[in-house]
Amino acid sequence: MTGRIRPAHGTSPAQHAAVRQALSVVTASSLYGVSFGALSVASGLSVLHTCLLSLLLFSAGSQFALIGILGGGGTAVATAPLLGARNSLYGLQLGLLLGARGWRRLVIAHLTLDESTAIAVSQPGEGARRVGFWVTGIGLLLAWNLATFAGVLGGNAMGDPKQYGLDAAASAAFIALLWPHLRARQPVAVAIIAAVITAMLVQAFPQGLPVLVAALGGALVTWFWPTATRQRSPKSSRP
Amino acid sequence: MSTWIAAIAASAIAYAFKLAGFAIPSRWLERPFLVVVILAAASAAGLRALSWH
């Protein structure tokens with residue numbers, strides 16, 4: 001008998017790795033929910049409104065923008081979700097990777113975030129992508145809402161949430177996810193271009209726009225990269 | 001505007017953005033920068049309004 005040795009419970013090492021990565025990202029990103037809960041209450045929103053936003057809006061950037069608008073007495077609330085316009089791009093990719101069909105698309109759409117997309121697209125196989133997406137999406141939905149509630153309850157005791165640097169935890173998690181993929185020239189070029197564009201725009205433009213412009217820059221690099229490679233190294237072309 | 005209406009309206013718009021990605025035909029991925037341009041233009045308009053609220 002020469003069959004392959006399968007890990008226990010029918011899960012592959014890649015799926016185990018996806019779960020570990022997912023839980024790491026969930027832990028790092030959900031900490032920021034404490035900041036949201038505390039700031040939301042400090043902005044004048046009730047406990048119920050704050051928790052409702054984390055449950056239904058479920059998009060950190062949009063949530064922070066919305067409480068800023070409502071706390072300042074503004075009315076342009078419809079513009080806050082535009083910060084999450086990049087989620088449409090994620091849906092394009094996830095629809096293909098996860099084979100989303102029927103009612104599952106409705107659930108997957110709600111769980112489509114920076115974190116769940118990053119985990120899913122960074123996995124080597126279909127099974128690991130699915131496991132990574134669902135563990136991250138559901139895990140973050142639970143953890144983000146619990147963290148929000150904790151922030152609501154402990155907001156006054158915490159003081160200024162920014163002093164703890166909780167926002168840096170999510171960024172660190174994303175860099176850790178990105179790093180293993182920077183082994184070829186094209187992804188390195190895309191990462192550098194995107195980082196430079198974001199750094200140039202982040203101080204001058206509203207939150208949310210720099211990341212979309214950086215995505216455009218990355219798409220353009222990807223689009224023109226094969227042509228540039230062929231022009232530079234004609235000897236590498238095969239008959 | 002009621003905070004309830006604001007929260008629900010913002011949630012509905014955010015969800016519509018997420019769902020839109022799954023409704024776009026996959027062949028659009030052959031021209032990814034067009035999708036990015038459209039989204040960036042729409043977002044820029046909204047974000048400009050956001051900064052003026």
# chains A, B, ... in the order shown; residues from 1 in each chain; ligands from 1
call {"tool": "residues_around", "arguments": {"residues": "Ala157 (chain A)", "least_positions_apart": "4", "cutoff": "10 Å", "atoms": "only C-alpha atoms", "output": "number ranges by chain"}}
result
A: 38, 151, 153
call {"tool": "residues_around", "arguments": {"residues": "region 12-15 of chain B", "least_positions_apart": "4", "cutoff": "7 Å", "atoms": "only C-alpha atoms", "output": "list in words"}}
result
Leu57, Pro81, Gly84 and His110 of chain A; Ile8 and Leu19 of chain B
call {"tool": "residues_around", "arguments": {"residues": "Ala20 (chain B)", "least_positions_apart": "2", "cutoff": "9 Å", "atoms": "only C-alpha atoms", "output": "PyMOL selection string"}}
result
(chain A and resi 87-89+91-92+109) or (chain B and resi 15-18+22-24)
call {"tool": "write_last_selection", "arguments": {"atoms": "C-alpha atoms", "output": "PDB file, in the first residue's frame"}}
result
ATOM      1  CA  ASN A  87     -13.676  45.662  -0.458  1.00  0.00           C
ATOM      2  CA  SER A  88     -15.235  45.500  -3.920  1.00  0.00           C
ATOM      3  CA  LEU A  89     -11.801  44.643  -5.298  1.00  0.00           C
ATOM      4  CA  GLY A  91     -14.786  40.483  -3.712  1.00  0.00           C
ATOM      5  CA  LEU A  92     -13.582  40.171  -7.282  1.00  0.00           C
ATOM      6  CA  ALA A 109     -19.493  39.374   1.397  1.00  0.00           C
TER       7      ALA A 109
ATOM      8  CA  TYR B  15     -22.336  45.850   2.496  1.00  0.00           C
ATOM      9  CA  ALA B  16     -23.329  46.861  -1.017  1.00  0.00           C
ATOM     10  CA  PHE B  17     -19.677  47.652  -1.769  1.00  0.00           C
ATOM     11  CA  LYS B  18     -18.624  44.241  -0.516  1.00  0.00           C
ATOM     12  CA  PHE B  22     -18.951  39.220  -6.104  1.00  0.00           C
ATOM     13  CA  ALA B  23     -21.452  40.411  -8.697  1.00  0.00           C
ATOM     14  CA  ILE B  24     -18.878  41.771 -11.131  1.00  0.00           C
TER      15      ILE B  24
END
call {"tool": "closest_residue", "arguments": {"among": "A:Ala191, A:Leu113, A:Leu39, A:Met200", "to": "chain B", "atoms": "only C-alpha atoms"}}
result
A:Leu113
call {"tool": "closest_residue", "arguments": {"among": "A:Leu141, A:Ala128, A:Leu96, A:Ala173", "to": "chain B", "atoms": "only C-alpha atoms"}}
result
A:Leu96
call {"tool": "atom_distance", "arguments": {"atom1": "CA of Gly61 (chain A)", "atom2": "CA of Val107 (chain A)"}}
result
20.2 Å
call {"tool": "residues_around", "arguments": {"residues": "Ala7 (chain B)", "least_positions_apart": "3", "cutoff": "10 Å", "atoms": "only C-alpha atoms", "output": "PDB file with C-alpha atoms, in the first residue's frame"}}
result
ATOM      1  CA  HIS A  49     -25.251  52.069  18.547  1.00  0.00           C
ATOM      2  CA  THR A  50     -21.578  51.262  18.996  1.00  0.00           C
ATOM      3  CA  LEU A  52     -24.558  47.700  16.163  1.00  0.00           C
ATOM      4  CA  LEU A  53     -21.910  49.388  14.038  1.00  0.00           C
ATOM      5  CA  SER A  54     -19.336  46.702  14.815  1.00  0.00           C
ATOM      6  CA  LEU A  56     -23.393  45.396  10.811  1.00  0.00           C
ATOM      7  CA  LEU A  57     -20.919  47.875   9.354  1.00  0.00           C
ATOM      8  CA  GLN A  63     -16.612  52.777  11.584  1.00  0.00           C
ATOM      9  CA  LEU A  66     -18.664  57.420  10.903  1.00  0.00           C
ATOM     10  CA  ILE A  67     -18.242  58.090  14.602  1.00  0.00           C
ATOM     11  CA  LEU A  70     -21.664  61.737  14.016  1.00  0.00           C
ATOM     12  CA  VAL A  77     -22.809  59.649   6.846  1.00  0.00           C
ATOM     13  CA  ALA A  78     -23.231  58.005   3.425  1.00  0.00           C
TER      14      ALA A  78
ATOM     15  CA  SER B   2     -31.227  59.805  13.649  1.00  0.00           C
ATOM     16  CA  THR B   3     -28.193  57.831  14.760  1.00  0.00           C
ATOM     17  CA  TRP B   4     -30.155  54.679  14.055  1.00  0.00           C
ATOM     18  CA  ALA B  10     -23.834  53.301   6.433  1.00  0.00           C
ATOM     19  CA  SER B  11     -23.921  49.550   7.062  1.00  0.00           C
ATOM     20  CA  ALA B  12     -26.098  48.963   4.010  1.00  0.00           C
TER      21      ALA B  12
END
call {"tool": "closest_residue", "arguments": {"among": "A:Ala168, A:Ala17, A:Val202, A:Val221", "to": "chain B", "atoms": "only C-alpha atoms"}}
result
A:Val221
call {"tool": "closest_residue", "arguments": {"among": "A:Gly95, A:Pro226, A:Pro13, A:Gly68", "to": "chain B", "atoms": "only C-alpha atoms"}}
result
A:Gly95
call {"tool": "closest_residue", "arguments": {"among": "A:Ala204, A:Leu83, A:Ala14, A:Ala118", "to": "chain B", "atoms": "only C-alpha atoms"}}
result
A:Leu83
call {"tool": "select_by_dssp", "arguments": {"residues": "region 59-237 of chain A", "states": "alpha helix (DSSP H)", "output": "PyMOL selection string"}}
result
chain A and resi 60-71+86-98+102-110+114-121+126-158+166-178+185-201+209-232
call {"tool": "atom_distance", "arguments": {"atom1": "CA of Arg129 (chain A)", "atom2": "CA of Leu178 (chain A)"}}
result
15.4 Å
call {"tool": "atom_distance", "arguments": {"atom1": "CA of Val211 (chain A)", "atom2": "CA of Ala18 (chain A)"}}
result
25.4 Å
